[in-house]
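Notes for the one structure printed next.
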2 protein chains.
Amino acid sequence: MSASSASAEDATPAVRGRASAAKATKAGADKRRLILDAAVRVFARQGFHACRVSDIADEAGVAYGLVYHYFASKDEVLDTLFLERWDVMLALIREVDAEPIPVREKLGAIASFIVDSYRHDPDLMKVIIVEVTRAANSFGDTHIGTIRDAYELIAGIVEAAQRDGVFKPEIEARFAAMAFYGVIEQLLTGWIFDLRPQGEEEFERAKRLVIEIVCGGLETRAASE
Amino acid sequence: MSASSASAEDATPAVRGRASAAKATKAGADKRRLILDAAVRVFARQGFHACRVSDIADEAGVAYGLVYHYFASKDEVLDTLFLERWDVMLALIREVDAEPIPVREKLGAIASFIVDSYRHDPDLMKVIIVEVTRAANSFGDTHIGTIRDAYELIAGIVEAAQRDGVFKPEIEARFAAMAFYGVIEQLLTGWIFDLRPQGEEEFERAKRLVIEIVCGGLETRAASE
DNA sequence: CGGTGTTGACTGACCAGTCAATCTATTTTT
DNA sequence: AAAAATAGATTGACTGGTCAGTCAACACCG
């Protein structure tokens, strides 16, 4: 149901410093993936804290102990899911930032990426948002640095736009980045909890509106469209 | 340290339908309050899930069992804290909405209220945001209706502004409300986790910037100042 | 054989919620 | 006014259930 994203495949960053066992075998890596994908479904359905490790094993169709062969702890499973995806996003932001295009398009590309991530694998995004990003106390705390990285990159984009005179200088760049991210997170949260309509059209419309509101409030009275 | 807000005092809405025991005695109500205030500190420090009921009892200086004399469960303690404060906020939004003032001031008053709530009792706001509002899976689910009420009220304000021609009609009112709320929640989250600077000046500046960004993106090219 | 992969029963820790007993204050009875 | 009765307030030891993580044994492949 949720095949690992193609772009994450080659870049798998081996989960920093954790103990997690091998994946020497071809089949080994497959089982590992199987467990990760099962975990996404279980976490999305029951929530990280409410589910048992045995639920993940059952969903994956493997024995309880095998989860601990590939991961040091229940936490590490979630960590892995988060980092895998977040790293892809950080890479994309850096890529976009380097491109010689107007801010509106840069921020638009980032918003698009996140919305498309949700469209492509809502369960995974639900887990990342609900269990990590929004759970800033428990897991977010571990990853606060990584989350902050995204913040900073976006702030950098805003700052550049201010230097170019496209964005007002009086709204602090970091504040603007925070606002941008806040709107997007709220949007996904709305979808996740069925507070907002979904569907192909809605997704595209949402991308436009996010940019319209945020850039509209940031631009000087010079840029129209 | 955190005296219950004056405006909430008389309006205490007796926590809907729950079993929670009496508070017939004068001293009884005091102890109840003592436990609630202790819970705020403990929840803020350790998190709802990470703390034990005995931690709350210890912090309050009462016996373990007494918590269950006043509250049916650990959950009910958190529910009470949330509803107490959220109801005050809903009342304020309704009040503001009724006033015959421009949108910018209406939204500004709401942003001010929330920021001031944080300034007045950061621990309480931390608990509400982190453990309820942002924990949309566990507790947010129970209160999703109440949270939604705030959404809808704000959407109503935006809609009125659109009818008056002050706000663009092409940005759906609910979407705008979501964005407004998203920015504010992200702002508080930033303070809570020390990602953003705090202090009297910052609080006031933040109020202005929130309005500047959101209203700036929503207004038609007519309103300036 | 040696190592990796796989199994699932078991353990040790944890903690929400219960409950029977005790205390304190207020009211009723004598 | 003292004693008795009633009701709420307060205590903390105890129970029952839950689960993350361990481990010793077994399977499979090269």
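Ordered as shown in the structure tokens, chains take letters A, B, and onward, while each chain numbers its residues from 1 and ligands are numbered from 1 in the order shown.
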Can I get the residues of chain A within 8 Å of chain D, each with the closest pair of atoms and their distance in Å to one decimal, using only C-alpha atoms (C1' of nucleotides), sorted chain first then ascending number, as a tab-separated table?
residue	atom	partner	partner_atom	distance
A:Arg52	CA	D:DC19	C1'	7.1
A:Val53	CA	D:DA20	C1'	7.8
A:Ser73	CA	D:DG21	C1'	7.8
A:Lys74	CA	D:DA20	C1'	8.0
Quick one: superpose chain A onto chain B using all C-alpha atoms paired in order, least squares, and give it to me as a PDB file with C-alpha atoms, in the first residue's frame.
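The resulting result_28.pdb:
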ATOM      1  CA  MET A   1       1.906  30.453  40.843  1.00  0.00           C
ATOM      2  CA  SER A   2      -0.977  30.050  38.442  1.00  0.00           C
ATOM      3  CA  ALA A   3      -4.102  31.494  40.015  1.00  0.00           C
ATOM      4  CA  SER A   4      -7.171  30.561  38.046  1.00  0.00           C
ATOM      5  CA  SER A   5      -8.086  33.346  35.665  1.00  0.00           C
ATOM      6  CA  ALA A   6     -10.595  35.776  37.101  1.00  0.00           C
ATOM      7  CA  SER A   7     -12.894  35.676  34.106  1.00  0.00           C
ATOM      8  CA  ALA A   8     -13.218  31.891  34.278  1.00  0.00           C
ATOM      9  CA  GLU A   9     -14.198  31.890  37.944  1.00  0.00           C
ATOM     10  CA  ASP A  10     -17.916  32.601  37.740  1.00  0.00           C
ATOM     11  CA  ALA A  11     -18.449  30.828  34.452  1.00  0.00           C
ATOM     12  CA  THR A  12     -17.143  27.424  35.637  1.00  0.00           C
ATOM     13  CA  PRO A  13     -19.275  25.159  33.464  1.00  0.00           C
ATOM     14  CA  ALA A  14     -19.214  22.129  35.783  1.00  0.00           C
ATOM     15  CA  VAL A  15     -17.501  19.878  33.229  1.00  0.00           C
ATOM     16  CA  ARG A  16     -20.249  18.369  31.114  1.00  0.00           C
ATOM     17  CA  GLY A  17     -21.730  15.081  32.139  1.00  0.00           C
ATOM     18  CA  ARG A  18     -18.722  13.809  34.082  1.00  0.00           C
ATOM     19  CA  ALA A  19     -19.005  11.999  37.378  1.00  0.00           C
ATOM     20  CA  SER A  20     -16.513  14.097  39.356  1.00  0.00           C
ATOM     21  CA  ALA A  21     -17.409  14.283  43.020  1.00  0.00           C
ATOM     22  CA  ALA A  22     -18.688  17.135  45.065  1.00  0.00           C
ATOM     23  CA  LYS A  23     -17.249  20.450  46.028  1.00  0.00           C
ATOM     24  CA  ALA A  24     -19.990  21.308  48.454  1.00  0.00           C
ATOM     25  CA  THR A  25     -17.603  22.615  51.074  1.00  0.00           C
ATOM     26  CA  LYS A  26     -15.709  25.840  50.711  1.00  0.00           C
ATOM     27  CA  ALA A  27     -12.497  23.991  51.508  1.00  0.00           C
ATOM     28  CA  GLY A  28     -13.463  21.333  49.019  1.00  0.00           C
ATOM     29  CA  ALA A  29     -13.433  23.739  46.111  1.00  0.00           C
ATOM     30  CA  ASP A  30     -10.068  25.043  47.274  1.00  0.00           C
ATOM     31  CA  LYS A  31      -8.502  21.594  47.300  1.00  0.00           C
ATOM     32  CA  ARG A  32      -9.925  20.945  43.878  1.00  0.00           C
ATOM     33  CA  ARG A  33      -8.309  24.115  42.601  1.00  0.00           C
ATOM     34  CA  LEU A  34      -5.093  23.177  44.371  1.00  0.00           C
ATOM     35  CA  ILE A  35      -5.009  19.906  42.490  1.00  0.00           C
ATOM     36  CA  LEU A  36      -5.772  21.568  39.162  1.00  0.00           C
ATOM     37  CA  ASP A  37      -3.014  24.103  39.594  1.00  0.00           C
ATOM     38  CA  ALA A  38      -0.575  21.422  40.633  1.00  0.00           C
ATOM     39  CA  ALA A  39      -1.566  19.403  37.584  1.00  0.00           C
ATOM     40  CA  VAL A  40      -0.762  22.339  35.311  1.00  0.00           C
ATOM     41  CA  ARG A  41       2.753  22.505  36.689  1.00  0.00           C
ATOM     42  CA  VAL A  42       3.292  18.763  36.499  1.00  0.00           C
ATOM     43  CA  PHE A  43       1.829  18.391  33.001  1.00  0.00           C
ATOM     44  CA  ALA A  44       3.900  21.311  31.782  1.00  0.00           C
ATOM     45  CA  ARG A  45       7.068  19.924  33.306  1.00  0.00           C
ATOM     46  CA  GLN A  46       6.756  16.221  32.529  1.00  0.00           C
ATOM     47  CA  GLY A  47       3.983  15.933  29.999  1.00  0.00           C
ATOM     48  CA  PHE A  48       0.614  14.308  30.518  1.00  0.00           C
ATOM     49  CA  HIS A  49       1.567  10.784  29.536  1.00  0.00           C
ATOM     50  CA  ALA A  50       4.950  10.800  31.217  1.00  0.00           C
ATOM     51  CA  CYS A  51       3.699  11.886  34.612  1.00  0.00           C
ATOM     52  CA  ARG A  52       2.012   9.738  37.224  1.00  0.00           C
ATOM     53  CA  VAL A  53      -1.091  10.670  39.140  1.00  0.00           C
ATOM     54  CA  SER A  54       1.033  10.447  42.261  1.00  0.00           C
ATOM     55  CA  ASP A  55       3.195  13.256  40.867  1.00  0.00           C
ATOM     56  CA  ILE A  56       0.154  15.503  40.784  1.00  0.00           C
ATOM     57  CA  ALA A  57      -0.848  14.519  44.319  1.00  0.00           C
ATOM     58  CA  ASP A  58       2.692  15.129  45.577  1.00  0.00           C
ATOM     59  CA  GLU A  59       2.921  18.490  43.842  1.00  0.00           C
ATOM     60  CA  ALA A  60      -0.407  19.508  45.385  1.00  0.00           C
ATOM     61  CA  GLY A  61       0.616  18.154  48.768  1.00  0.00           C
ATOM     62  CA  VAL A  62      -2.393  15.858  49.052  1.00  0.00           C
ATOM     63  CA  ALA A  63      -2.884  12.122  49.208  1.00  0.00           C
ATOM     64  CA  TYR A  64      -3.041  10.063  46.061  1.00  0.00           C
ATOM     65  CA  GLY A  65      -6.659   9.075  46.542  1.00  0.00           C
ATOM     66  CA  LEU A  66      -7.863  12.637  46.874  1.00  0.00           C
ATOM     67  CA  VAL A  67      -7.287  13.242  43.206  1.00  0.00           C
ATOM     68  CA  TYR A  68      -9.895  10.570  42.557  1.00  0.00           C
ATOM     69  CA  HIS A  69     -12.261  12.173  45.003  1.00  0.00           C
ATOM     70  CA  TYR A  70     -12.434  15.268  42.854  1.00  0.00           C
ATOM     71  CA  PHE A  71     -11.844  13.788  39.425  1.00  0.00           C
ATOM     72  CA  ALA A  72     -13.046  10.572  37.881  1.00  0.00           C
ATOM     73  CA  SER A  73      -9.769   9.945  36.105  1.00  0.00           C
ATOM     74  CA  LYS A  74      -6.439  11.395  35.156  1.00  0.00           C
ATOM     75  CA  ASP A  75      -7.996  12.334  31.829  1.00  0.00           C
ATOM     76  CA  GLU A  76     -10.693  14.364  33.489  1.00  0.00           C
ATOM     77  CA  VAL A  77      -8.107  16.577  35.132  1.00  0.00           C
ATOM     78  CA  LEU A  78      -6.719  17.532  31.759  1.00  0.00           C
ATOM     79  CA  ASP A  79     -10.184  17.849  30.242  1.00  0.00           C
ATOM     80  CA  THR A  80     -11.146  20.269  32.966  1.00  0.00           C
ATOM     81  CA  LEU A  81      -8.091  22.440  32.470  1.00  0.00           C
ATOM     82  CA  PHE A  82      -8.671  22.594  28.754  1.00  0.00           C
ATOM     83  CA  LEU A  83     -12.390  23.319  28.850  1.00  0.00           C
ATOM     84  CA  GLU A  84     -12.065  25.945  31.565  1.00  0.00           C
ATOM     85  CA  ARG A  85      -9.742  27.965  29.425  1.00  0.00           C
ATOM     86  CA  TRP A  86     -11.139  27.233  25.998  1.00  0.00           C
ATOM     87  CA  ASP A  87     -14.616  28.304  27.076  1.00  0.00           C
ATOM     88  CA  VAL A  88     -13.229  31.650  28.132  1.00  0.00           C
ATOM     89  CA  MET A  89     -11.657  32.022  24.736  1.00  0.00           C
ATOM     90  CA  LEU A  90     -14.848  31.111  22.886  1.00  0.00           C
ATOM     91  CA  ALA A  91     -16.712  33.695  24.957  1.00  0.00           C
ATOM     92  CA  LEU A  92     -14.140  36.305  24.069  1.00  0.00           C
ATOM     93  CA  ILE A  93     -14.349  35.555  20.368  1.00  0.00           C
ATOM     94  CA  ARG A  94     -18.126  35.867  20.452  1.00  0.00           C
ATOM     95  CA  GLU A  95     -17.830  39.150  22.321  1.00  0.00           C
ATOM     96  CA  VAL A  96     -15.318  40.543  19.855  1.00  0.00           C
ATOM     97  CA  ASP A  97     -17.398  39.384  16.932  1.00  0.00           C
ATOM     98  CA  ALA A  98     -20.396  41.352  18.168  1.00  0.00           C
ATOM     99  CA  GLU A  99     -18.436  44.567  18.464  1.00  0.00           C
ATOM    100  CA  PRO A 100     -18.768  47.053  15.566  1.00  0.00           C
ATOM    101  CA  ILE A 101     -15.066  47.341  14.721  1.00  0.00           C
ATOM    102  CA  PRO A 102     -12.956  46.595  11.634  1.00  0.00           C
ATOM    103  CA  VAL A 103     -11.757  43.007  10.993  1.00  0.00           C
ATOM    104  CA  ARG A 104      -8.183  43.860  11.630  1.00  0.00           C
ATOM    105  CA  GLU A 105      -9.121  44.865  15.157  1.00  0.00           C
ATOM    106  CA  LYS A 106     -11.300  41.814  15.669  1.00  0.00           C
ATOM    107  CA  LEU A 107      -8.603  39.395  14.665  1.00  0.00           C
ATOM    108  CA  GLY A 108      -6.105  41.530  16.535  1.00  0.00           C
ATOM    109  CA  ALA A 109      -8.136  41.197  19.718  1.00  0.00           C
ATOM    110  CA  ILE A 110      -8.248  37.428  19.366  1.00  0.00           C
ATOM    111  CA  ALA A 111      -4.526  37.198  18.726  1.00  0.00           C
ATOM    112  CA  SER A 112      -3.934  39.484  21.694  1.00  0.00           C
ATOM    113  CA  PHE A 113      -6.066  37.360  23.955  1.00  0.00           C
ATOM    114  CA  ILE A 114      -4.174  34.209  23.090  1.00  0.00           C
ATOM    115  CA  VAL A 115      -0.760  35.827  23.362  1.00  0.00           C
ATOM    116  CA  ASP A 116      -1.729  37.403  26.670  1.00  0.00           C
ATOM    117  CA  SER A 117      -3.012  34.070  27.921  1.00  0.00           C
ATOM    118  CA  TYR A 118       0.423  32.679  27.258  1.00  0.00           C
ATOM    119  CA  ARG A 119       2.123  35.620  28.906  1.00  0.00           C
ATOM    120  CA  HIS A 120      -0.110  35.296  31.951  1.00  0.00           C
ATOM    121  CA  ASP A 121       0.233  31.550  32.422  1.00  0.00           C
ATOM    122  CA  PRO A 122       2.690  29.912  30.059  1.00  0.00           C
ATOM    123  CA  ASP A 123       2.419  26.547  31.799  1.00  0.00           C
ATOM    124  CA  LEU A 124      -1.318  26.342  31.293  1.00  0.00           C
ATOM    125  CA  MET A 125      -1.087  27.325  27.654  1.00  0.00           C
ATOM    126  CA  LYS A 126       1.720  24.864  27.128  1.00  0.00           C
ATOM    127  CA  VAL A 127      -0.463  22.091  28.499  1.00  0.00           C
ATOM    128  CA  ILE A 128      -3.468  23.094  26.420  1.00  0.00           C
ATOM    129  CA  ILE A 129      -1.505  23.402  23.210  1.00  0.00           C
ATOM    130  CA  VAL A 130       0.833  20.481  23.598  1.00  0.00           C
ATOM    131  CA  GLU A 131      -1.434  17.972  25.301  1.00  0.00           C
ATOM    132  CA  VAL A 132      -4.808  18.799  23.769  1.00  0.00           C
ATOM    133  CA  THR A 133      -4.786  21.082  20.754  1.00  0.00           C
ATOM    134  CA  ARG A 134      -1.719  19.597  19.117  1.00  0.00           C
ATOM    135  CA  ALA A 135      -2.410  16.097  20.388  1.00  0.00           C
ATOM    136  CA  ALA A 136      -5.316  15.798  18.024  1.00  0.00           C
ATOM    137  CA  ASN A 137      -5.063  12.020  18.091  1.00  0.00           C
ATOM    138  CA  SER A 138      -5.511  11.317  21.784  1.00  0.00           C
ATOM    139  CA  PHE A 139      -7.159  14.246  23.509  1.00  0.00           C
ATOM    140  CA  GLY A 140      -7.838  16.502  20.640  1.00  0.00           C
ATOM    141  CA  ASP A 141     -10.161  13.806  19.394  1.00  0.00           C
ATOM    142  CA  THR A 142     -12.350  14.158  22.448  1.00  0.00           C
ATOM    143  CA  HIS A 143     -12.417  17.914  22.106  1.00  0.00           C
ATOM    144  CA  ILE A 144     -12.345  18.215  18.369  1.00  0.00           C
ATOM    145  CA  GLY A 145     -15.841  19.662  18.393  1.00  0.00           C
ATOM    146  CA  THR A 146     -14.925  22.341  20.883  1.00  0.00           C
ATOM    147  CA  ILE A 147     -11.806  23.202  18.947  1.00  0.00           C
ATOM    148  CA  ARG A 148     -13.835  23.340  15.785  1.00  0.00           C
ATOM    149  CA  ASP A 149     -16.180  25.878  17.385  1.00  0.00           C
ATOM    150  CA  ALA A 150     -13.337  28.368  17.549  1.00  0.00           C
ATOM    151  CA  TYR A 151     -12.545  27.690  13.920  1.00  0.00           C
ATOM    152  CA  GLU A 152     -16.113  28.374  12.890  1.00  0.00           C
ATOM    153  CA  LEU A 153     -16.417  31.583  14.835  1.00  0.00           C
ATOM    154  CA  ILE A 154     -13.275  32.946  13.258  1.00  0.00           C
ATOM    155  CA  ALA A 155     -14.485  31.853   9.842  1.00  0.00           C
ATOM    156  CA  GLY A 156     -17.643  33.837  10.518  1.00  0.00           C
ATOM    157  CA  ILE A 157     -15.606  36.959  11.180  1.00  0.00           C
ATOM    158  CA  VAL A 158     -13.703  36.483   7.939  1.00  0.00           C
ATOM    159  CA  GLU A 159     -16.888  35.914   5.998  1.00  0.00           C
ATOM    160  CA  ALA A 160     -18.386  39.150   7.272  1.00  0.00           C
ATOM    161  CA  ALA A 161     -15.265  40.996   6.184  1.00  0.00           C
ATOM    162  CA  GLN A 162     -15.595  39.473   2.740  1.00  0.00           C
ATOM    163  CA  ARG A 163     -19.179  40.689   2.492  1.00  0.00           C
ATOM    164  CA  ASP A 164     -17.968  44.152   3.431  1.00  0.00           C
ATOM    165  CA  GLY A 165     -15.422  44.003   0.641  1.00  0.00           C
ATOM    166  CA  VAL A 166     -12.475  44.344   3.011  1.00  0.00           C
ATOM    167  CA  PHE A 167     -11.247  40.798   2.468  1.00  0.00           C
ATOM    168  CA  LYS A 168     -10.844  39.086  -0.887  1.00  0.00           C
ATOM    169  CA  PRO A 169     -13.764  36.800  -1.673  1.00  0.00           C
ATOM    170  CA  GLU A 170     -11.610  34.216  -3.481  1.00  0.00           C
ATOM    171  CA  ILE A 171      -9.988  32.845  -0.322  1.00  0.00           C
ATOM    172  CA  GLU A 172     -12.503  30.566   1.359  1.00  0.00           C
ATOM    173  CA  ALA A 173     -13.346  31.880   4.823  1.00  0.00           C
ATOM    174  CA  ARG A 174     -12.705  28.593   6.590  1.00  0.00           C
ATOM    175  CA  PHE A 175      -9.384  28.302   4.910  1.00  0.00           C
ATOM    176  CA  ALA A 176      -8.465  31.762   6.108  1.00  0.00           C
ATOM    177  CA  ALA A 177      -9.594  30.920   9.632  1.00  0.00           C
ATOM    178  CA  MET A 178      -7.468  27.804   9.550  1.00  0.00           C
ATOM    179  CA  ALA A 179      -4.456  29.800   8.404  1.00  0.00           C
ATOM    180  CA  PHE A 180      -4.949  32.397  11.109  1.00  0.00           C
ATOM    181  CA  TYR A 181      -5.225  29.788  13.797  1.00  0.00           C
ATOM    182  CA  GLY A 182      -2.302  27.828  12.371  1.00  0.00           C
ATOM    183  CA  VAL A 183       0.011  30.801  12.538  1.00  0.00           C
ATOM    184  CA  ILE A 184      -0.900  31.540  16.145  1.00  0.00           C
ATOM    185  CA  GLU A 185      -0.541  27.967  17.251  1.00  0.00           C
ATOM    186  CA  GLN A 186       2.835  27.741  15.586  1.00  0.00           C
ATOM    187  CA  LEU A 187       3.857  30.930  17.300  1.00  0.00           C
ATOM    188  CA  LEU A 188       2.981  29.617  20.748  1.00  0.00           C
ATOM    189  CA  THR A 189       4.643  26.338  19.921  1.00  0.00           C
ATOM    190  CA  GLY A 190       7.775  28.262  19.042  1.00  0.00           C
ATOM    191  CA  TRP A 191       7.746  29.960  22.418  1.00  0.00           C
ATOM    192  CA  ILE A 192       6.942  26.782  24.282  1.00  0.00           C
ATOM    193  CA  PHE A 193       9.917  24.976  22.812  1.00  0.00           C
ATOM    194  CA  ASP A 194      12.277  27.926  22.872  1.00  0.00           C
ATOM    195  CA  LEU A 195      12.484  28.206  19.134  1.00  0.00           C
ATOM    196  CA  ARG A 196      11.459  31.842  19.303  1.00  0.00           C
ATOM    197  CA  PRO A 197      12.525  34.686  21.575  1.00  0.00           C
ATOM    198  CA  GLN A 198      10.153  35.728  24.343  1.00  0.00           C
ATOM    199  CA  GLY A 199       9.598  38.810  26.476  1.00  0.00           C
ATOM    200  CA  GLU A 200       7.197  41.730  26.712  1.00  0.00           C
ATOM    201  CA  GLU A 201       8.430  43.346  23.529  1.00  0.00           C
ATOM    202  CA  GLU A 202       8.386  40.133  21.565  1.00  0.00           C
ATOM    203  CA  PHE A 203       4.831  39.405  22.607  1.00  0.00           C
ATOM    204  CA  GLU A 204       3.615  42.772  21.336  1.00  0.00           C
ATOM    205  CA  ARG A 205       5.629  42.486  18.174  1.00  0.00           C
ATOM    206  CA  ALA A 206       4.257  39.021  17.522  1.00  0.00           C
ATOM    207  CA  LYS A 207       0.681  40.267  17.794  1.00  0.00           C
ATOM    208  CA  ARG A 208       1.391  42.871  15.139  1.00  0.00           C
ATOM    209  CA  LEU A 209       3.193  40.502  12.801  1.00  0.00           C
ATOM    210  CA  VAL A 210       0.501  37.854  12.946  1.00  0.00           C
ATOM    211  CA  ILE A 211      -2.090  40.381  11.843  1.00  0.00           C
ATOM    212  CA  GLU A 212       0.238  41.917   9.305  1.00  0.00           C
ATOM    213  CA  ILE A 213       0.892  38.610   7.551  1.00  0.00           C
ATOM    214  CA  VAL A 214      -2.573  37.147   7.694  1.00  0.00           C
ATOM    215  CA  CYS A 215      -4.622  40.280   7.024  1.00  0.00           C
ATOM    216  CA  GLY A 216      -2.074  41.461   4.491  1.00  0.00           C
ATOM    217  CA  GLY A 217      -2.738  38.316   2.497  1.00  0.00           C
ATOM    218  CA  LEU A 218      -6.493  38.545   2.873  1.00  0.00           C
ATOM    219  CA  GLU A 219      -7.243  42.195   2.264  1.00  0.00           C
ATOM    220  CA  THR A 220      -8.229  43.599  -1.098  1.00  0.00           C
ATOM    221  CA  ARG A 221      -6.045  46.276  -2.649  1.00  0.00           C
ATOM    222  CA  ALA A 222      -7.994  49.049  -0.969  1.00  0.00           C
ATOM    223  CA  ALA A 223      -7.381  48.816   2.752  1.00  0.00           C
ATOM    224  CA  SER A 224      -4.009  50.192   3.750  1.00  0.00           C
ATOM    225  CA  GLU A 225      -4.010  50.988   7.465  1.00  0.00           C
TER     226      GLU A 225
END
Using only C-alpha atoms (C1' of nucleotides), find each residue of chain C with at least one atom at most 10 Å away from an atom of chain B; report its shortest atom-to-atom pair and that distance in Å (one decimal), sort the rows by chain and rising residue number, and return the result as a tab-separated table.
residue	atom	partner	partner_atom	distance
C:DC14	C1'	B:Arg52	CA	9.9
C:DC15	C1'	B:Arg52	CA	7.0
C:DA16	C1'	B:Val53	CA	7.8
C:DG17	C1'	B:Ser73	CA	7.8
C:DT18	C1'	B:Gly65	CA	9.2
C:DC19	C1'	B:Gly65	CA	9.9
C:DA25	C1'	B:Thr25	CA	10.0
Can you write just those residues out, C-alpha atoms (C1' of nucleotides), as a PDB file, in the first residue's frame?
ATOM      1  C1'  DC C  14       5.119   0.351  35.699  1.00  0.00           C
ATOM      2  C1'  DC C  15       0.921   2.730  37.061  1.00  0.00           C
ATOM      3  C1'  DA C  16      -4.218   3.895  36.787  1.00  0.00           C
ATOM      4  C1'  DG C  17      -7.750   3.199  39.501  1.00  0.00           C
ATOM      5  C1'  DT C  18     -10.071   0.851  43.835  1.00  0.00           C
ATOM      6  C1'  DC C  19     -11.335   0.544  48.483  1.00  0.00           C
ATOM      7  C1'  DA C  25     -16.913  19.284  60.461  1.00  0.00           C
TER       8       DA C  25
END
What are the DSSP alpha helix (DSSP H) residues of range 20-127 of chain B, as a PyMOL selection string?
-> chain B and resi 26-46+53-60+64-70+74-98+103-120+122-127
